[in-house]
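Note: the block below is run17.txt and it holds compact mmCIF, C-alpha atoms.
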```
# COMPACT_ATOMS: atom_id res chain seq x y z
CA MET A 93 0.00 0.00 0.00
CA GLU A 94 1.19 3.49 -0.80
CA ARG A 95 2.33 5.56 2.19
CA ILE A 96 3.62 9.03 2.82
CA PRO A 97 6.95 8.87 4.70
CA ILE A 98 7.32 10.53 8.08
CA LEU A 99 10.83 11.61 9.06
CA ARG A 100 12.01 12.20 12.58
CA MET A 101 14.34 15.06 13.32
CA GLY A 102 15.11 15.60 16.98
CA ASN A 103 11.84 16.32 18.71
CA LEU A 104 10.04 17.03 15.42
CA LEU A 105 8.33 14.93 12.80
CA LEU A 106 8.58 16.03 9.18
CA VAL A 107 6.13 15.11 6.47
CA THR A 108 6.57 16.19 2.87
CA ILE A 109 3.62 15.34 0.68
CA GLN A 110 5.01 14.86 -2.82
CA VAL A 111 2.24 12.81 -4.39
CA ASP A 112 -1.34 13.39 -5.38
CA LEU A 113 -3.48 12.85 -2.33
CA TYR A 114 -6.50 10.65 -2.39
CA ASP A 115 -8.75 9.86 0.53
CA ARG A 116 -7.28 6.60 1.73
CA LEU A 117 -3.73 7.91 1.49
CA ALA A 118 -4.66 10.93 3.60
CA GLU A 119 -6.38 8.73 6.17
CA THR A 120 -3.34 6.46 6.38
CA LEU A 121 -1.12 9.48 6.93
CA GLU A 122 -3.38 10.66 9.75
CA ALA A 123 -3.21 7.29 11.48
CA ASP A 124 0.55 6.89 10.93
CA LEU A 125 1.30 10.36 12.24
CA VAL A 126 -0.73 10.01 15.39
CA GLN A 127 0.92 6.68 16.12
CA MET A 128 4.35 8.11 15.42
CA ILE A 129 3.76 11.06 17.79
CA ASN A 130 2.77 8.65 20.47
CA LYS A 131 5.75 6.36 19.89
CA SER A 132 8.43 9.00 19.45
CA GLY A 133 7.20 11.58 21.92
CA ALA A 134 7.66 14.23 19.25
CA GLN A 135 6.60 17.72 20.29
CA GLY A 136 6.10 19.17 16.87
CA VAL A 137 4.85 18.13 13.45
CA LEU A 138 5.74 19.97 10.26
CA ILE A 139 3.72 19.17 7.15
CA ASP A 140 5.06 20.49 3.85
CA ILE A 141 2.28 20.76 1.27
CA SER A 142 4.15 22.87 -1.28
CA ALA A 143 3.81 20.11 -3.87
CA VAL A 144 0.09 19.62 -3.27
CA SER A 145 -1.99 21.26 -5.99
CA ILE A 146 -5.43 20.25 -4.73
CA ILE A 147 -6.91 20.22 -1.23
CA ASP A 148 -10.62 19.53 -1.12
CA SER A 149 -12.93 19.35 1.89
CA PHE A 150 -11.92 15.81 2.82
CA MET A 151 -8.19 16.41 2.72
CA GLY A 152 -8.68 19.73 4.48
CA ARG A 153 -10.55 17.95 7.22
CA ILE A 154 -7.73 15.41 7.57
CA ILE A 155 -5.21 18.24 8.01
CA GLY A 156 -7.46 19.77 10.67
CA ASN A 157 -7.81 16.39 12.36
CA ILE A 158 -4.06 15.86 12.44
CA ALA A 159 -3.58 19.26 14.09
CA MET A 160 -6.29 18.52 16.64
CA MET A 161 -5.08 15.01 17.44
CA SER A 162 -1.47 16.17 17.78
CA LYS A 163 -2.59 18.86 20.16
CA ILE A 164 -4.25 16.29 22.38
CA LEU A 165 -1.03 14.27 22.28
CA ASP A 166 0.89 17.39 23.31
CA ALA A 167 2.45 18.14 19.92
CA GLU A 168 2.09 21.26 17.79
CA THR A 169 1.39 21.11 14.06
CA VAL A 170 2.48 23.61 11.44
CA VAL A 171 1.48 23.36 7.79
CA VAL A 172 3.91 25.01 5.40
CA GLY A 173 4.14 25.96 1.76
CA MET A 174 0.51 26.11 0.76
CA GLN A 175 0.16 27.25 -2.85
CA PRO A 176 -1.75 30.55 -3.20
CA ALA A 177 -4.32 29.00 -5.54
CA VAL A 178 -4.99 26.28 -2.96
CA ALA A 179 -5.46 28.87 -0.21
CA ILE A 180 -7.96 30.82 -2.35
CA THR A 181 -9.87 27.67 -3.21
CA LEU A 182 -10.00 26.44 0.40
CA VAL A 183 -11.49 29.68 1.66
CA GLU A 184 -14.10 29.80 -1.10
CA LEU A 185 -14.95 26.21 -0.46
CA GLY A 186 -15.68 27.26 3.12
CA LEU A 187 -12.81 25.51 4.85
CA PRO A 188 -10.37 28.05 6.27
CA LEU A 189 -8.49 25.41 8.34
CA LYS A 190 -9.25 26.92 11.71
CA GLY A 191 -6.84 26.00 14.46
CA VAL A 192 -4.13 24.90 12.05
CA HIS A 193 -0.91 26.89 12.32
CA SER A 194 0.75 27.72 9.06
CA ALA A 195 3.97 29.22 7.77
CA LEU A 196 5.12 30.31 4.36
CA ASN A 197 7.99 27.84 4.02
CA VAL A 198 9.81 25.05 5.83
CA GLU A 199 12.37 27.37 7.36
CA ARG A 200 9.77 29.66 8.93
CA GLY A 201 7.72 26.67 9.94
CA MET A 202 10.65 25.25 11.88
CA VAL A 203 11.19 28.54 13.68
CA LEU A 204 7.50 28.75 14.56
CA LEU A 205 7.45 25.18 15.87
CA GLN A 206 10.58 25.63 17.99
CA LYS A 207 9.12 28.82 19.40
CA LYS A 208 5.87 27.11 20.32
CA ILE A 209 7.70 24.21 21.93
CA SER A 210 10.02 26.40 23.97
CA VAL A 211 7.13 28.61 25.08
CA LYS A 212 5.33 25.52 26.25
CA GLU A 213 8.37 24.25 28.15
CA THR A 214 9.39 27.45 29.87
CA GLY A 215 5.84 28.64 30.24
CA ASP A 216 6.93 32.26 30.23
CA VAL A 217 4.32 33.34 27.72
CA GLU A 218 0.68 32.55 28.13
CA GLU A 219 -0.51 29.86 25.78
CA ASP A 220 -3.37 30.28 23.40
CA GLY A 221 -1.80 33.00 21.35
CA TYR A 222 -4.16 32.20 18.54
CA SER A 223 -7.90 32.16 18.42
CA GLU A 224 -9.82 29.06 17.55
CA MET B 108 -22.40 27.46 -27.58
CA VAL B 109 -20.27 24.82 -29.24
CA ILE B 110 -18.86 21.65 -27.75
CA LEU B 111 -15.31 21.35 -29.03
CA ASN B 112 -14.40 18.09 -27.40
CA LYS B 113 -16.10 15.45 -25.34
CA GLU B 114 -14.80 12.53 -23.37
CA GLN B 115 -16.22 10.20 -20.76
CA MET B 116 -14.56 8.71 -17.71
CA VAL B 117 -15.83 6.10 -15.31
CA ILE B 118 -15.25 6.55 -11.58
CA ILE B 119 -15.87 3.50 -9.47
CA ARG B 120 -12.83 3.44 -7.19
CA GLU B 121 -11.16 6.11 -5.12
CA VAL B 122 -7.96 5.93 -7.15
CA ASP B 123 -9.92 6.67 -10.37
CA VAL B 124 -10.18 10.23 -9.09
CA ILE B 125 -6.48 10.89 -9.69
CA PRO B 126 -6.38 10.29 -13.48
CA PHE B 127 -9.72 12.13 -13.65
CA ARG B 128 -8.25 15.20 -11.91
CA ASN B 129 -5.18 15.02 -14.17
CA ARG B 130 -7.36 14.93 -17.27
CA ILE B 131 -9.23 18.08 -16.24
CA LYS B 132 -5.90 19.72 -15.51
CA GLU B 133 -4.70 18.90 -19.04
CA TYR B 134 -7.80 20.42 -20.62
CA ALA B 135 -7.68 23.45 -18.35
CA VAL B 136 -4.07 24.11 -19.30
CA LYS B 137 -4.92 23.58 -22.98
CA ILE B 138 -7.59 26.29 -22.99
CA GLY B 139 -5.32 28.64 -21.04
CA MET B 140 -7.23 28.73 -17.76
CA SER B 141 -5.48 30.57 -14.92
CA LEU B 142 -3.96 28.53 -12.13
CA VAL B 143 -6.54 29.72 -9.60
CA ASN B 144 -9.44 28.71 -11.86
CA GLN B 145 -7.75 25.40 -12.64
CA THR B 146 -7.45 24.72 -8.94
CA LYS B 147 -11.09 25.65 -8.36
CA ILE B 148 -12.53 23.41 -11.08
CA ILE B 149 -10.31 20.48 -10.11
CA THR B 150 -11.25 20.87 -6.43
CA ALA B 151 -14.93 21.05 -7.39
CA ALA B 152 -14.50 17.92 -9.52
CA SER B 153 -12.81 16.16 -6.64
CA GLU B 154 -15.73 16.97 -4.31
CA LEU B 155 -18.35 15.78 -6.79
CA ALA B 156 -16.43 12.61 -7.61
CA ARG B 157 -16.23 11.82 -3.90
CA ASN B 158 -19.97 12.35 -3.48
CA MET B 159 -20.58 9.97 -6.34
CA LEU B 160 -18.32 7.33 -4.79
CA LYS B 161 -19.71 7.78 -1.32
CA TYR B 162 -23.42 7.90 -2.00
CA ALA B 163 -23.82 6.09 -5.31
CA LYS B 164 -20.87 3.67 -5.54
CA GLY B 165 -19.51 5.60 -8.46
CA GLY B 166 -20.73 6.79 -11.81
CA LYS B 167 -19.73 8.41 -15.06
CA VAL B 168 -18.39 11.84 -15.84
CA SER B 169 -18.41 13.59 -19.19
CA ILE B 170 -15.71 16.19 -19.67
CA GLU B 171 -16.56 18.74 -22.32
CA ILE B 172 -14.65 21.66 -23.72
CA LEU B 173 -17.03 24.49 -24.55
CA ASN B 174 -16.76 27.55 -26.68
CA ARG B 175 -19.00 30.59 -26.27
CA GLY B 176 -17.99 33.54 -28.40
CA ARG B 177 -14.46 34.35 -27.41
CA GLU B 178 -14.48 32.31 -24.28
CA ASN B 179 -13.67 28.69 -23.66
CA GLY B 180 -14.67 26.65 -20.68
CA ILE B 181 -14.92 23.19 -19.20
CA ARG B 182 -18.20 21.46 -18.45
CA LEU B 183 -18.38 18.37 -16.29
CA ILE B 184 -21.47 16.17 -16.17
CA PHE B 185 -21.55 13.75 -13.25
CA LYS B 186 -24.12 11.02 -13.64
CA ASP B 187 -24.82 8.31 -11.13
CA GLU B 188 -27.48 5.72 -10.55
CA GLY B 189 -27.44 6.00 -6.80
CA PRO B 190 -30.29 6.52 -4.33
CA GLY B 191 -30.82 10.15 -5.34
CA ILE B 192 -31.13 13.17 -3.06
CA GLY B 193 -34.34 13.54 -1.10
CA ASP B 194 -34.21 17.25 -0.46
CA ILE B 195 -31.92 19.14 -2.80
CA ASN B 196 -32.50 22.45 -1.04
CA MET B 197 -31.23 20.94 2.20
CA ALA B 198 -28.29 19.31 0.44
CA MET B 199 -27.30 22.72 -0.93
CA LYS B 200 -27.11 24.24 2.54
CA ASP B 201 -23.75 24.78 4.19
CA GLY B 202 -23.16 22.34 6.99
CA PHE B 203 -25.86 19.85 6.05
CA SER B 204 -24.78 16.26 5.62
CA THR B 205 -26.38 12.85 5.89
CA GLY B 206 -22.91 11.35 5.74
CA ARG B 207 -20.04 11.75 8.11
CA SER B 208 -18.68 14.92 6.57
CA LEU B 209 -18.65 18.65 7.09
CA GLY B 210 -21.43 19.15 4.57
CA LEU B 211 -19.40 21.56 2.49
CA GLY B 212 -19.40 19.40 -0.63
CA LEU B 213 -22.31 20.74 -2.69
CA PRO B 214 -22.57 24.35 -1.52
CA GLY B 215 -18.77 24.68 -1.49
CA THR B 216 -18.55 23.24 -4.97
CA LYS B 217 -21.16 25.67 -6.23
CA ARG B 218 -19.03 28.57 -5.03
CA LEU B 219 -16.03 27.28 -6.98
CA VAL B 220 -17.64 27.07 -10.42
CA SER B 221 -19.33 29.48 -12.83
CA GLU B 222 -22.50 27.46 -13.36
CA PHE B 223 -24.01 24.70 -11.25
CA GLU B 224 -27.01 22.54 -11.93
CA ILE B 225 -28.32 19.53 -10.07
CA GLN B 226 -31.10 17.10 -10.88
CA SER B 227 -32.00 14.15 -8.74
CA GLU B 228 -34.70 11.57 -8.57
CA LEU B 229 -35.12 9.26 -5.60
CA GLY B 230 -34.22 5.71 -6.51
CA LYS B 231 -33.01 6.71 -9.96
CA GLY B 232 -29.87 8.75 -9.46
CA THR B 233 -28.34 12.18 -9.51
CA THR B 234 -26.87 14.34 -12.24
CA VAL B 235 -24.69 17.33 -11.45
CA ILE B 236 -23.53 19.66 -14.19
CA VAL B 237 -20.83 22.22 -13.50
CA THR B 238 -19.22 24.68 -15.87
CA LYS B 239 -16.13 26.77 -15.33
CA TRP B 240 -15.39 29.45 -17.91
CA LYS B 241 -11.78 30.29 -18.54
CA ASN B 242 -12.18 33.74 -17.01
CA GLY B 243 -15.26 33.01 -14.95
```

Just give me the structure of the file as structure tokens.
Amino acid sequence: MERIPILRMGNLLLVTIQVDLYDRLAETLEADLVQMINKSGAQGVLIDISAVSIIDSFMGRIIGNIAMMSKILDAETVVVGMQPAVAITLVELGLPLKGVHSALNVERGMVLLQKKISVKETGDVEEDGYSE
Amino acid sequence: MVILNKEQMVIIREVDVIPFRNRIKEYAVKIGMSLVNQTKIITAASELARNMLKYAKGGKVSIEILNRGRENGIRLIFKDEGPGIGDINMAMKDGFSTGRSLGLGLPGTKRLVSEFEIQSELGKGTTVIVTKWKNG
């Protein structure tokens, strides 16, 4: 069965989606990621969707689910590299991916994740900097 | 309005959606549709194909290239022989779903295309026709 690879880098998990997504593939990724967070104790998940040209309501929901599930497992999720046309389409479709953190590219995504993790650990800034 | 090209594809498995999306992409590029409009029509097609798989175990789609004056467009006709939709007005409302979804499929799809038409008869099936003009 086709699978999207999940790489571990320190306390982060990296996912780069390089293939066309279809429903089952997205569902498998969701299950794999949640299991991997649990097993590895990762504190952050970075999903690179720069190669994804289509996100419809199902795939959008999976991305939202991943963010929500990670949160419950004490990991932060950042989605990076969304193509502008995909962003426009998602909003018109009515799926603005609430509660999902995003960054323009992998580099900024990493910085954002590290910041969120360190804030959580030191606790010097109040959490919930974003609105749901 | 002239139909310049017509082709039919059968969608009965989830993976059939991928070559179907690629085919629309090819046509969209051929008629010079902008990337945003390409993305919108392909996303709409993806939603409708999923509906067909989920509620009707698949169906057929005609892909047509249209010409109207100076403008070209793509028309997709989704035809299934599923259970049909009981209340189309409800199905077109944001957030309504009989399935396990967000209920964005039909109303969301309508927002992504230039023209949207749906016909359904209980026990007979559903036909959805969407058109996206190159600059629409």

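The gap separating atom CA of Ala135 of chain B from atom CA of Gly176 of chain B is 17.6 Å, in Å to one decimal.
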
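Rounded to one decimal, atom CA of Gln206 of chain A and atom CA of Arg153 of chain A lie 24.9 Å from each other.
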
(request) Please determine the contact residues of chain B with respect to chain A at a cut-off of 7 Å, counting only C-alpha atoms, and supply them as a ChimeraX atom specification. (result) /B:122,142-143,146-147,150,153-154,211-212,215-216,218-219

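With all atoms listed in the file as the basis for measurement, B:Thr238 is the residue among B:Thr238, B:Ser204, B:Gln115, B:Asn129 that approaches Ile148 of chain B most closely.
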
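Our summary of the geometry notes that atom CA of Ile225 of chain B is positioned 20.1 Å from atom CA of Ile131 of chain B.
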
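For Ala134 of chain A, the residues within 8 Å (counting all atoms listed in the file, excluding itself and residues fewer than 4 positions away along the chain) are Gly102, Asn103, Leu104, Leu105, Met128, Ile129, Asn130 and Ala167 of chain A.
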
(message) Let me make sure I understand: among B:Ala163, B:Ala152, B:Ile119, B:Leu213, which one has the smallest atom-to-atom distance to Ile184 of chain B if we use only C-alpha atoms?
(response) B:Ala152

(message) Counting all atoms listed in the file, which residue out of A:Gly152, A:Ile164, A:Lys190, A:Gly136 sits closest to Val203 of chain A?
(response) A:Gly136

(request) Please identify all polymer residues within 8 Å of Val172 of chain A, counting only C-alpha atoms, omitting same-chain residues fewer than 5 positions from it, and present them as JSON, numbers by chain. (result) {"A": [138, 139, 140, 141, 142, 194, 195, 196, 197, 198, 201]}

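Excluding Val237 of chain B itself and same-chain residues fewer than 2 positions from it, the residues having an atom within 6 Å of it are B:Arg182, B:Leu183, B:Glu222, B:Phe223, counting all atoms listed in the file.
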
(request) Write out as an NGL selection string the residues lying within 9 Å of Leu204 of chain A, counting only C-alpha atoms and excluding same-chain residues fewer than 3 positions away. (result) :A and (170 or 193-195 or 199-201 or 207-209)

Convert the current residue selection to file output with C-alpha atoms, as an mmCIF file, in the frame of the given file.
```cif
data_model
loop_
_atom_site.group_PDB
_atom_site.id
_atom_site.type_symbol
_atom_site.label_atom_id
_atom_site.label_comp_id
_atom_site.auth_asym_id
_atom_site.auth_seq_id
_atom_site.Cartn_x
_atom_site.Cartn_y
_atom_site.Cartn_z
ATOM 1 C CA VAL A 170 2.480 23.610 11.440
ATOM 2 C CA HIS A 193 -0.910 26.890 12.320
ATOM 3 C CA SER A 194 0.750 27.720 9.060
ATOM 4 C CA ALA A 195 3.970 29.220 7.770
ATOM 5 C CA GLU A 199 12.370 27.370 7.360
ATOM 6 C CA ARG A 200 9.770 29.660 8.930
ATOM 7 C CA GLY A 201 7.720 26.670 9.940
ATOM 8 C CA LYS A 207 9.120 28.820 19.400
ATOM 9 C CA LYS A 208 5.870 27.110 20.320
ATOM 10 C CA ILE A 209 7.700 24.210 21.930
#
```

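Distances here use only C-alpha atoms; by that measure, the residue among B:Val220, B:Ile149, B:Leu229, B:Ile181 closest to Asp194 of chain B is B:Leu229.
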